[in-house]
file target-v6.cif (mmCIF, C-alpha atoms)
data_my_file
#
loop_
_atom_site.group_PDB
_atom_site.id
_atom_site.type_symbol
_atom_site.label_atom_id
_atom_site.label_comp_id
_atom_site.auth_asym_id
_atom_site.auth_seq_id
_atom_site.Cartn_x
_atom_site.Cartn_y
_atom_site.Cartn_z
ATOM 1 C CA MET D 1 -12.811 -19.475 -7.869
ATOM 2 C CA ILE D 2 -13.345 -23.120 -6.877
ATOM 3 C CA ASN D 3 -11.005 -24.164 -4.081
ATOM 4 C CA GLU D 4 -12.555 -27.471 -3.013
ATOM 5 C CA VAL D 5 -13.744 -30.494 -5.008
ATOM 6 C CA TYR D 6 -14.647 -34.165 -4.514
ATOM 7 C CA ALA D 7 -13.589 -36.862 -6.931
ATOM 8 C CA SER D 8 -14.155 -40.611 -7.315
ATOM 9 C CA GLU D 9 -12.133 -43.117 -9.356
ATOM 10 C CA GLU D 10 -10.984 -46.714 -9.332
ATOM 11 C CA THR D 11 -7.839 -45.882 -7.314
ATOM 12 C CA VAL D 12 -6.833 -43.137 -4.893
ATOM 13 C CA ALA D 13 -4.113 -41.968 -7.282
ATOM 14 C CA LEU D 14 -6.595 -41.622 -10.136
ATOM 15 C CA ALA D 15 -9.073 -39.828 -7.877
ATOM 16 C CA LYS D 16 -6.357 -37.338 -6.862
ATOM 17 C CA GLU D 17 -5.386 -36.820 -10.498
ATOM 18 C CA LYS D 18 -9.014 -36.198 -11.407
ATOM 19 C CA ALA D 19 -9.432 -33.710 -8.556
ATOM 20 C CA CYS D 20 -6.351 -31.769 -9.674
ATOM 21 C CA GLY D 21 -7.775 -31.601 -13.168
ATOM 22 C CA MET D 22 -11.027 -30.222 -11.800
ATOM 23 C CA LEU D 23 -9.128 -27.536 -9.875
ATOM 24 C CA GLY D 24 -6.737 -26.853 -12.725
ATOM 25 C CA VAL D 25 -3.576 -27.190 -10.619
ATOM 26 C CA THR D 26 -0.764 -29.659 -9.977
ATOM 27 C CA GLU D 27 -0.838 -32.069 -7.039
ATOM 28 C CA ASP D 28 1.679 -30.080 -4.944
ATOM 29 C CA LYS D 29 -0.832 -27.215 -4.745
ATOM 30 C CA VAL D 30 -3.517 -29.361 -3.134
ATOM 31 C CA GLU D 31 -4.245 -30.933 0.255
ATOM 32 C CA PHE D 32 -6.057 -34.277 0.033
ATOM 33 C CA GLU D 33 -8.339 -36.184 2.363
ATOM 34 C CA VAL D 34 -9.155 -39.783 1.419
ATOM 35 C CA LEU D 35 -12.826 -40.265 2.202
ATOM 36 C CA GLN D 36 -13.065 -43.822 0.945
ATOM 37 C CA PHE D 37 -10.593 -46.439 -0.208
ATOM 38 C CA PRO D 38 -11.565 -48.614 -3.181
ATOM 39 C CA SER D 39 -12.801 -52.175 -2.783
ATOM 40 C CA LYS D 40 -13.186 -54.878 -5.423
ATOM 41 C CA LYS D 41 -16.475 -56.352 -6.541
ATOM 42 C CA VAL D 42 -17.422 -59.769 -5.165
ATOM 43 C CA LEU D 43 -17.049 -62.359 -7.931
ATOM 44 C CA GLY D 44 -16.456 -59.431 -10.228
ATOM 45 C CA MET D 45 -20.163 -58.593 -10.190
ATOM 46 C CA PHE D 46 -21.472 -57.381 -6.828
ATOM 47 C CA GLY D 47 -20.669 -54.474 -4.577
ATOM 48 C CA GLY D 48 -17.318 -52.787 -4.906
ATOM 49 C CA LYS D 49 -16.522 -49.163 -4.151
ATOM 50 C CA LEU D 50 -14.638 -46.416 -5.914
ATOM 51 C CA ALA D 51 -11.932 -44.380 -4.169
ATOM 52 C CA GLN D 52 -13.220 -40.997 -3.030
ATOM 53 C CA VAL D 53 -11.076 -37.975 -2.139
ATOM 54 C CA ARG D 54 -11.655 -34.418 -1.005
ATOM 55 C CA ALA D 55 -9.205 -31.936 -2.494
ATOM 56 C CA VAL D 56 -8.655 -28.408 -1.183
ATOM 57 C CA LEU D 57 -6.323 -25.785 -2.644
ATOM 58 C CA LYS D 58 -3.438 -24.981 -0.304
ATOM 59 C CA GLN D 59 -3.449 -21.459 1.097
ATOM 60 C CA SER D 60 -0.495 -19.316 2.091
ATOM 61 C CA VAL D 61 -0.175 -18.155 5.699
ATOM 62 C CA SER D 62 -1.210 -14.637 4.680
ATOM 63 C CA GLU D 63 -4.337 -15.969 2.944
ATOM 64 C CA LYS D 64 -5.267 -18.068 5.972
ATOM 65 C CA ALA D 65 -4.623 -15.096 8.268
ATOM 66 C CA THR D 66 -6.784 -12.623 6.343
ATOM 67 C CA LYS D 67 -9.580 -15.181 6.027
ATOM 68 C CA PHE D 68 -9.444 -16.006 9.746
ATOM 69 C CA LEU D 69 -9.516 -12.324 10.738
ATOM 70 C CA LYS D 70 -12.444 -11.506 8.470
ATOM 71 C CA GLU D 71 -14.450 -14.443 9.815
ATOM 72 C CA MET D 72 -13.593 -13.570 13.430
ATOM 73 C CA PHE D 73 -14.584 -9.925 13.024
ATOM 74 C CA PHE D 74 -17.822 -10.994 11.312
ATOM 75 C CA TYR D 75 -18.854 -13.123 14.291
ATOM 76 C CA MET D 76 -17.800 -10.317 16.645
ATOM 77 C CA GLY D 77 -20.177 -7.970 14.847
ATOM 78 C CA MET D 78 -17.280 -5.959 13.411
ATOM 79 C CA GLU D 79 -17.631 -7.017 9.788
ATOM 80 C CA LYS D 80 -17.052 -3.418 8.661
ATOM 81 C CA LEU D 81 -13.398 -3.664 9.684
ATOM 82 C CA GLU D 82 -11.221 -3.902 6.597
ATOM 83 C CA VAL D 83 -8.456 -6.513 6.572
ATOM 84 C CA LYS D 84 -5.741 -5.992 3.974
ATOM 85 C CA LEU D 85 -2.413 -7.694 3.319
ATOM 86 C CA GLU D 86 0.106 -4.844 3.161
ATOM 87 C CA LYS D 87 3.376 -6.715 2.712
ATOM 88 C CA GLU D 88 4.566 -10.307 2.430
ATOM 89 C CA GLU D 89 8.181 -11.391 2.789
ATOM 90 C CA GLU D 90 9.935 -14.673 3.368
ATOM 91 C CA GLY D 91 9.099 -15.710 6.906
ATOM 92 C CA SER D 92 6.636 -12.914 7.668
ATOM 93 C CA CYS D 93 3.533 -11.092 6.493
ATOM 94 C CA TYR D 94 2.131 -7.702 7.488
ATOM 95 C CA ILE D 95 -1.649 -7.211 7.684
ATOM 96 C CA LYS D 96 -3.378 -3.901 8.358
ATOM 97 C CA ILE D 97 -6.815 -3.579 9.947
ATOM 98 C CA THR D 98 -8.757 -0.345 9.461
ATOM 99 C CA GLY D 99 -12.263 0.934 10.201
ATOM 100 C CA ASP D 100 -14.298 2.846 12.766
ATOM 101 C CA ASP D 101 -14.354 -0.110 15.196
ATOM 102 C CA VAL D 102 -10.577 -0.534 15.241
ATOM 103 C CA LYS D 103 -10.370 1.068 18.692
ATOM 104 C CA TYR D 104 -12.203 -1.907 20.169
ATOM 105 C CA ILE D 105 -9.455 -4.380 19.240
ATOM 106 C CA LEU D 106 -6.555 -2.458 20.784
ATOM 107 C CA GLY D 107 -6.798 -2.821 24.565
ATOM 108 C CA LYS D 108 -4.376 -1.288 27.054
ATOM 109 C CA HIS D 109 -1.038 -0.700 25.326
ATOM 110 C CA GLY D 110 -2.233 -2.970 22.504
ATOM 111 C CA ASP D 111 -2.690 -6.108 24.630
ATOM 112 C CA ILE D 112 -5.871 -7.184 22.797
ATOM 113 C CA LEU D 113 -4.226 -6.575 19.422
ATOM 114 C CA ASP D 114 -1.209 -8.609 20.518
ATOM 115 C CA SER D 115 -3.495 -11.472 21.582
ATOM 116 C CA ILE D 116 -5.320 -11.403 18.246
ATOM 117 C CA GLN D 117 -1.961 -11.395 16.457
ATOM 118 C CA TYR D 118 -0.772 -14.403 18.482
ATOM 119 C CA ILE D 119 -3.933 -16.441 17.838
ATOM 120 C CA THR D 120 -3.931 -15.533 14.143
ATOM 121 C CA GLY D 121 -0.334 -16.702 13.848
ATOM 122 C CA LEU D 122 -1.136 -20.061 15.459
ATOM 123 C CA VAL D 123 -4.188 -20.698 13.277
ATOM 124 C CA SER D 124 -2.496 -19.567 10.067
ATOM 125 C CA ASN D 125 0.623 -21.689 10.605
ATOM 126 C CA GLU D 126 -1.263 -24.914 11.308
ATOM 127 C CA LYS D 127 0.157 -27.676 9.074
ATOM 128 C CA ASN D 128 2.677 -25.179 7.695
ATOM 129 C CA LYS D 129 6.218 -26.604 7.512
ATOM 130 C CA ASP D 130 8.000 -23.260 7.629
ATOM 131 C CA PHE D 131 6.751 -20.865 10.322
ATOM 132 C CA CYS D 132 5.654 -17.477 9.033
ATOM 133 C CA LYS D 133 5.314 -14.616 11.534
ATOM 134 C CA VAL D 134 2.037 -12.714 11.252
ATOM 135 C CA ARG D 135 2.250 -9.021 12.146
ATOM 136 C CA LEU D 136 -0.919 -6.982 12.655
ATOM 137 C CA GLU D 137 -1.407 -3.229 12.629
ATOM 138 C CA ALA D 138 -4.709 -1.633 13.678
ATOM 139 C CA GLY D 139 -5.155 1.797 12.168
ATOM 140 C CA ASN D 140 -1.840 3.506 12.933
ATOM 141 C CA TYR D 141 -1.651 2.302 16.537
ATOM 142 C CA ARG D 142 1.731 0.554 16.451
ATOM 143 C CA GLU D 143 3.368 3.398 14.544
ATOM 144 C CA LYS D 144 2.078 5.956 17.072
ATOM 145 C CA ARG D 145 3.024 3.700 19.991
ATOM 146 C CA MET D 146 6.564 3.397 18.632
ATOM 147 C CA GLN D 147 6.870 7.168 18.341
ATOM 148 C CA THR D 148 5.577 7.569 21.907
ATOM 149 C CA LEU D 149 8.092 5.052 23.260
ATOM 150 C CA GLU D 150 10.965 6.650 21.350
ATOM 151 C CA LYS D 151 10.117 10.036 22.886
ATOM 152 C CA LEU D 152 9.752 8.429 26.314
ATOM 153 C CA GLY D 153 13.149 6.752 26.020
ATOM 154 C CA ARG D 154 14.886 10.000 25.094
ATOM 155 C CA HIS D 155 13.055 11.912 27.826
ATOM 156 C CA ILE D 156 14.029 9.404 30.533
ATOM 157 C CA ALA D 157 17.615 9.283 29.270
ATOM 158 C CA GLU D 158 17.922 13.069 29.485
ATOM 159 C CA LYS D 159 16.303 13.064 32.938
ATOM 160 C CA VAL D 160 18.762 10.442 34.210
ATOM 161 C CA LEU D 161 21.667 12.349 32.679
ATOM 162 C CA LYS D 162 20.548 15.543 34.413
ATOM 163 C CA THR D 163 19.730 14.114 37.861
ATOM 164 C CA GLY D 164 22.217 11.229 37.987
ATOM 165 C CA LYS D 165 19.467 9.013 39.396
ATOM 166 C CA ARG D 166 18.516 5.586 38.084
ATOM 167 C CA PHE D 167 15.004 5.302 36.635
ATOM 168 C CA SER D 168 12.807 2.190 36.199
ATOM 169 C CA LEU D 169 10.017 2.173 33.634
ATOM 170 C CA GLU D 170 6.758 0.234 33.827
ATOM 171 C CA PRO D 171 6.720 -3.400 32.612
ATOM 172 C CA MET D 172 6.601 -3.739 28.833
ATOM 173 C CA ARG D 173 6.634 -6.404 26.159
ATOM 174 C CA SER D 174 9.966 -7.342 24.614
ATOM 175 C CA TYR D 175 9.484 -5.407 21.363
ATOM 176 C CA GLU D 176 8.524 -2.280 23.329
ATOM 177 C CA ARG D 177 11.559 -2.614 25.586
ATOM 178 C CA LYS D 178 13.732 -2.847 22.471
ATOM 179 C CA ILE D 179 12.370 0.476 21.237
ATOM 180 C CA ILE D 180 13.250 2.048 24.600
ATOM 181 C CA HIS D 181 16.748 0.521 24.548
ATOM 182 C CA ASP D 182 17.366 1.805 21.022
ATOM 183 C CA SER D 183 16.131 5.271 21.948
ATOM 184 C CA VAL D 184 18.228 5.445 25.139
ATOM 185 C CA GLY D 185 21.249 4.231 23.178
ATOM 186 C CA GLN D 186 21.144 7.400 21.103
ATOM 187 C CA VAL D 187 21.846 9.562 24.170
ATOM 188 C CA GLU D 188 25.495 9.665 25.193
ATOM 189 C CA GLY D 189 26.265 9.116 28.872
ATOM 190 C CA VAL D 190 23.380 6.789 29.713
ATOM 191 C CA LYS D 191 22.699 3.061 29.422
ATOM 192 C CA SER D 192 19.716 0.759 29.788
ATOM 193 C CA TRP D 193 19.000 -2.891 30.541
ATOM 194 C CA SER D 194 16.029 -5.093 31.434
ATOM 195 C CA GLU D 195 15.202 -6.483 34.850
ATOM 196 C CA GLY D 196 12.457 -8.683 36.275
ATOM 197 C CA GLU D 197 10.734 -11.827 35.084
ATOM 198 C CA GLY D 198 7.696 -12.543 32.943
ATOM 199 C CA GLU D 199 5.071 -9.805 32.896
ATOM 200 C CA GLY D 200 7.124 -7.786 35.383
ATOM 201 C CA ARG D 201 10.136 -7.396 33.111
ATOM 202 C CA HIS D 202 10.973 -3.723 32.646
ATOM 203 C CA VAL D 203 13.671 -1.314 31.475
ATOM 204 C CA VAL D 204 16.088 0.386 33.847
ATOM 205 C CA VAL D 205 18.073 3.470 32.796
ATOM 206 C CA SER D 206 21.141 4.917 34.544
ATOM 207 C CA GLN D 207 24.244 6.957 33.778
ATOM 208 C CA THR D 208 27.044 4.965 32.157
ATOM 209 C CA LYS D 209 29.424 5.899 34.964
ATOM 210 C CA ASN D 210 27.127 4.108 37.429
ATOM 211 C CA GLU D 211 27.396 0.343 37.735
ATOM 212 C CA GLN D 212 24.390 -1.960 37.486
ATOM 213 C CA GLN D 213 23.177 -3.113 40.866
#
call {"tool": "encode", "arguments": {"input": "target-v6.cif", "output": "C-alpha cells"}}
result
Amino acid sequence: MINEVYASEETVALAKEKACGMLGVTEDKVEFEVLQFPSKKVLGMFGGKLAQVRAVLKQSVSEKATKFLKEMFFYMGMEKLEVKLEKEEEGSCYIKITGDDVKYILGKHGDILDSIQYITGLVSNEKNKDFCKVRLEAGNYREKRMQTLEKLGRHIAEKVLKTGKRFSLEPMRSYERKIIHDSVGQVEGVKSWSEGEGEGRHVVVSQTKNEQQ
C-alpha cells in the first residue's frame, strides 16, 4: 500500500488535492509538507514554478509503535522478535513482543522493558494531539511478575500479622507498589503505604493497630 506521494500543481491547495487523489483518501487522513511554493512566470513567459508537496498517510499511535519496535529490533539484531498489537482502546494500546530473544529486553525486574516502553510511547505520540499510552508485554513477563508480587504482598501481610513487626520491601516502581498495596489490602488486620523519594520509594506494611511512624 502506498503511504507517501509527491504532487505538483499550480497552487498548494491543488497540489494537496492531487496528492489525496493519488493516495485515495481525504485530506484529514494526510500530513503535508510543502516543498515548494508556486511562483509566476516573468512576463508570462519565463521561469515560474509549480507548487510541490509531500503527502504522507497519518498513522495511529499503535501503528507508529509497532513500526518503531520492529525497526529498533532489526538494528539490534533481534529481527526474529515478533511484535503484535494485542488490544487498542481509547487512550491506550497493548503490544506483545514474543520470540526466543525476548529475555534480552527484560532487564532486572523489567527495567529494560520499561525503558523501551517509555521511549516507544514518546516516539509514537510525536505530533499526536491526544496522548495514547503504549503498554508493552514481553512474552508473559508482566503477567508472571504480577503474580509474584501478589504472592509476595500476601506473604508479607501474613508475616506482619503473625509477628506484629513492621516490614519494608525493596524499592519498586509505582505500578508494582500498587499491586503490593492491593494484595496487602485483601488481608484483614494489616495496612500498607509508600515511603521514600524517587528510585528509593518503597512499600511499608504494618498491623492496622499500629500507627504510621
call {"tool": "closest_residue", "arguments": {"input": "target-v6.cif", "among": "D:Glu86, D:Cys93, D:Gln36, D:Gly24", "to": "Lys133 (chain D)", "atoms": "only C-alpha atoms"}}
result
D:Cys93
call {"tool": "resolve_selection", "arguments": {"input": "target-v6.cif", "expression": "the PyMOL selection byres ((chain D and resi 49) around 8)", "output": "list in words"}}
result
Glu10, Phe37, Pro38, Ser39, Lys40, Lys41, Gly47, Gly48, Leu50 and Ala51 of chain D
call {"tool": "closest_residue", "arguments": {"input": "target-v6.cif", "among": "D:Tyr6, D:Glu176, D:Phe73, D:Glu88", "to": "Gly110 (chain D)", "atoms": "all atoms listed in the file"}}
result
D:Glu176
call {"tool": "closest_residue", "arguments": {"input": "target-v6.cif", "among": "D:Val184, D:Phe68, D:Leu81, D:Asp100", "to": "Gln117 (chain D)", "atoms": "all atoms listed in the file"}}
result
D:Phe68
call {"tool": "resolve_selection", "arguments": {"input": "target-v6.cif", "expression": "the PyMOL selection byres ((chain D and resi 148-153) around 10)", "output": "ChimeraX atom specification"}}
result
/D:142-147,154-159,169,176-187,192,203,205
call {"tool": "closest_residue", "arguments": {"input": "target-v6.cif", "among": "D:Val25, D:Ala138, D:Ser194, D:Glu63", "to": "Gly107 (chain D)", "atoms": "all atoms listed in the file"}}
result
D:Ala138
call {"tool": "atom_distance", "arguments": {"input": "target-v6.cif", "atom1": "CA of Gln207 (chain D)", "atom2": "CA of Ser168 (chain D)"}}
result
12.6 Å
call {"tool": "atom_distance", "arguments": {"input": "target-v6.cif", "atom1": "CA of Asn128 (chain D)", "atom2": "CA of Tyr75 (chain D)"}}
result
25.5 Å
call {"tool": "closest_residue", "arguments": {"input": "target-v6.cif", "among": "D:Trp193, D:Tyr104, D:Phe32, D:Tyr94", "to": "Ala55 (chain D)", "atoms": "all atoms listed in the file"}}
result
D:Phe32
call {"tool": "residues_near_point", "arguments": {"input": "target-v6.cif", "point": "(-7.0, -23.2, -4.4)", "cutoff": "12 Å", "atoms": "only C-alpha atoms", "output": "list in words"}}
result
Met1, Ile2, Asn3, Glu4, Val5, Ala19, Cys20, Met22, Leu23, Gly24, Val25, Thr26, Glu27, Asp28, Lys29, Val30, Glu31, Phe32, Ala55, Val56, Leu57, Lys58, Gln59, Ser60, Glu63 and Lys64 of chain D
call {"tool": "write_last_selection", "arguments": {"input": "target-v6.cif", "atoms": "C-alpha atoms", "output": "PDB file, in the frame of the given file"}}
result
ATOM      1  CA  MET D   1     -12.811 -19.475  -7.869  1.00  0.00           C
ATOM      2  CA  ILE D   2     -13.345 -23.120  -6.877  1.00  0.00           C
ATOM      3  CA  ASN D   3     -11.005 -24.164  -4.081  1.00  0.00           C
ATOM      4  CA  GLU D   4     -12.555 -27.471  -3.013  1.00  0.00           C
ATOM      5  CA  VAL D   5     -13.744 -30.494  -5.008  1.00  0.00           C
ATOM      6  CA  ALA D  19      -9.432 -33.710  -8.556  1.00  0.00           C
ATOM      7  CA  CYS D  20      -6.351 -31.769  -9.674  1.00  0.00           C
ATOM      8  CA  MET D  22     -11.027 -30.222 -11.800  1.00  0.00           C
ATOM      9  CA  LEU D  23      -9.128 -27.536  -9.875  1.00  0.00           C
ATOM     10  CA  GLY D  24      -6.737 -26.853 -12.725  1.00  0.00           C
ATOM     11  CA  VAL D  25      -3.576 -27.190 -10.619  1.00  0.00           C
ATOM     12  CA  THR D  26      -0.764 -29.659  -9.977  1.00  0.00           C
ATOM     13  CA  GLU D  27      -0.838 -32.069  -7.039  1.00  0.00           C
ATOM     14  CA  ASP D  28       1.679 -30.080  -4.944  1.00  0.00           C
ATOM     15  CA  LYS D  29      -0.832 -27.215  -4.745  1.00  0.00           C
ATOM     16  CA  VAL D  30      -3.517 -29.361  -3.134  1.00  0.00           C
ATOM     17  CA  GLU D  31      -4.245 -30.933   0.255  1.00  0.00           C
ATOM     18  CA  PHE D  32      -6.057 -34.277   0.033  1.00  0.00           C
ATOM     19  CA  ALA D  55      -9.205 -31.936  -2.494  1.00  0.00           C
ATOM     20  CA  VAL D  56      -8.655 -28.408  -1.183  1.00  0.00           C
ATOM     21  CA  LEU D  57      -6.323 -25.785  -2.644  1.00  0.00           C
ATOM     22  CA  LYS D  58      -3.438 -24.981  -0.304  1.00  0.00           C
ATOM     23  CA  GLN D  59      -3.449 -21.459   1.097  1.00  0.00           C
ATOM     24  CA  SER D  60      -0.495 -19.316   2.091  1.00  0.00           C
ATOM     25  CA  GLU D  63      -4.337 -15.969   2.944  1.00  0.00           C
ATOM     26  CA  LYS D  64      -5.267 -18.068   5.972  1.00  0.00           C
TER      27      LYS D  64
END
call {"tool": "resolve_selection", "arguments": {"input": "target-v6.cif", "expression": "the PyMOL selection byres ((chain D and resi 164) around 12)", "output": "PyMOL selection string"}}
result
chain D and resi 156-163+165-167+189-191+205-210
call {"tool": "closest_residue", "arguments": {"input": "target-v6.cif", "among": "D:Thr98, D:Ile119, D:Tyr175, D:Lys108", "to": "Asn140 (chain D)", "atoms": "only C-alpha atoms"}}
result
D:Thr98
call {"tool": "atom_distance", "arguments": {"input": "target-v6.cif", "atom1": "CA of Met72 (chain D)", "atom2": "CA of Pro171 (chain D)"}}
result
29.7 Å
call {"tool": "residues_around", "arguments": {"input": "target-v6.cif", "residues": "Asn125 (chain D)", "least_positions_apart": "3", "cutoff": "10 Å", "atoms": "only C-alpha atoms", "output": "NGL selection string"}}
result
:D and (60-62 or 64-65 or 120-122 or 128-134)
call {"tool": "residues_near_point", "arguments": {"input": "target-v6.cif", "point": "(-6.8, -41.2, -10.0)", "cutoff": "10 Å", "atoms": "only C-alpha atoms", "output": "MDAnalysis selection string"}}
result
chainID D and resid 7:20 51:53
call {"tool": "decode", "arguments": {"input": "target-v6.cif", "residues": "region 100-110 of chain D", "atoms": "all heavy atoms", "output": "CSV table (one decimal), in the first residue's frame"}}
result
chain,number,residue,atom,x,y,z
D,100,ASP,N,12.4,-16.0,20.9
D,100,ASP,CA,13.5,-16.6,21.7
D,100,ASP,C,14.4,-15.5,22.3
D,100,ASP,O,14.9,-15.8,23.4
D,100,ASP,CB,14.4,-17.5,20.8
D,100,ASP,CG,13.6,-18.7,20.3
D,100,ASP,OD1,12.6,-19.1,21.0
D,100,ASP,OD2,14.0,-19.3,19.3
D,101,ASP,N,14.5,-14.4,21.7
D,101,ASP,CA,15.4,-13.3,22.3
D,101,ASP,C,14.7,-12.4,23.3
D,101,ASP,O,15.3,-11.4,23.7
D,101,ASP,CB,16.0,-12.5,21.1
D,101,ASP,CG,16.9,-13.2,20.2
D,101,ASP,OD1,17.5,-14.2,20.7
D,101,ASP,OD2,17.2,-12.9,19.1
D,102,VAL,N,13.5,-12.7,23.6
D,102,VAL,CA,12.7,-11.8,24.4
D,102,VAL,C,13.4,-11.6,25.8
D,102,VAL,O,13.2,-10.5,26.4
D,102,VAL,CB,11.3,-12.3,24.6
D,102,VAL,CG1,11.2,-13.4,25.6
D,102,VAL,CG2,10.3,-11.1,25.0
D,103,LYS,N,14.1,-12.5,26.3
D,103,LYS,CA,14.8,-12.4,27.6
D,103,LYS,C,15.8,-11.3,27.6
D,103,LYS,O,16.2,-10.8,28.7
D,103,LYS,CB,15.5,-13.7,27.9
D,103,LYS,CG,16.5,-14.3,26.9
D,103,LYS,CD,17.0,-15.6,27.4
D,103,LYS,CE,18.0,-16.2,26.4
D,103,LYS,NZ,17.2,-16.7,25.2
D,104,TYR,N,16.3,-10.9,26.4
D,104,TYR,CA,17.3,-9.9,26.4
D,104,TYR,C,16.8,-8.5,26.5
D,104,TYR,O,17.5,-7.5,26.6
D,104,TYR,CB,18.2,-10.0,25.1
D,104,TYR,CG,18.9,-11.3,25.0
D,104,TYR,CD1,18.6,-12.2,23.9
D,104,TYR,CD2,19.9,-11.7,25.9
D,104,TYR,CE1,19.3,-13.4,23.8
D,104,TYR,CE2,20.6,-12.9,25.8
D,104,TYR,CZ,20.2,-13.8,24.7
D,104,TYR,OH,20.9,-15.0,24.6
D,105,ILE,N,15.5,-8.3,26.4
D,105,ILE,CA,14.9,-7.0,26.5
D,105,ILE,C,14.1,-6.8,27.8
D,105,ILE,O,13.3,-5.9,27.9
D,105,ILE,CB,14.0,-6.7,25.3
D,105,ILE,CG1,12.8,-7.6,25.3
D,105,ILE,CG2,14.7,-6.8,24.0
D,105,ILE,CD1,11.7,-7.3,24.3
D,106,LEU,N,14.4,-7.7,28.8
D,106,LEU,CA,13.7,-7.5,30.1
D,106,LEU,C,14.5,-6.7,31.1
D,106,LEU,O,14.0,-5.7,31.6
D,106,LEU,CB,13.4,-8.9,30.7
D,106,LEU,CG,12.5,-9.8,29.9
D,106,LEU,CD1,12.4,-11.2,30.5
D,106,LEU,CD2,11.1,-9.2,29.7
D,107,GLY,N,15.7,-7.1,31.4
D,107,GLY,CA,16.5,-6.4,32.4
D,107,GLY,C,16.0,-6.9,33.8
D,107,GLY,O,15.1,-7.7,34.0
D,108,LYS,N,16.6,-6.3,34.9
D,108,LYS,CA,16.3,-6.6,36.2
D,108,LYS,C,14.9,-6.0,36.6
D,108,LYS,O,14.7,-4.8,36.5
D,108,LYS,CB,17.3,-6.0,37.2
D,108,LYS,CG,17.1,-6.4,38.6
D,108,LYS,CD,18.1,-5.8,39.5
D,108,LYS,CE,17.9,-6.2,41.0
D,108,LYS,NZ,18.9,-5.6,41.9
D,109,HIS,N,14.0,-6.9,37.0
D,109,HIS,CA,12.6,-6.5,37.3
D,109,HIS,C,12.0,-5.7,36.1
D,109,HIS,O,11.2,-4.8,36.4
D,109,HIS,CB,12.6,-5.7,38.6
D,109,HIS,CG,13.1,-6.4,39.8
D,109,HIS,ND1,12.9,-7.8,39.9
D,109,HIS,CD2,13.6,-6.0,40.9
D,109,HIS,CE1,13.4,-8.2,41.1
D,109,HIS,NE2,13.9,-7.2,41.7
D,110,GLY,N,12.4,-6.0,34.9
D,110,GLY,CA,11.8,-5.4,33.8
D,110,GLY,C,12.2,-4.0,33.5
D,110,GLY,O,11.5,-3.2,32.8
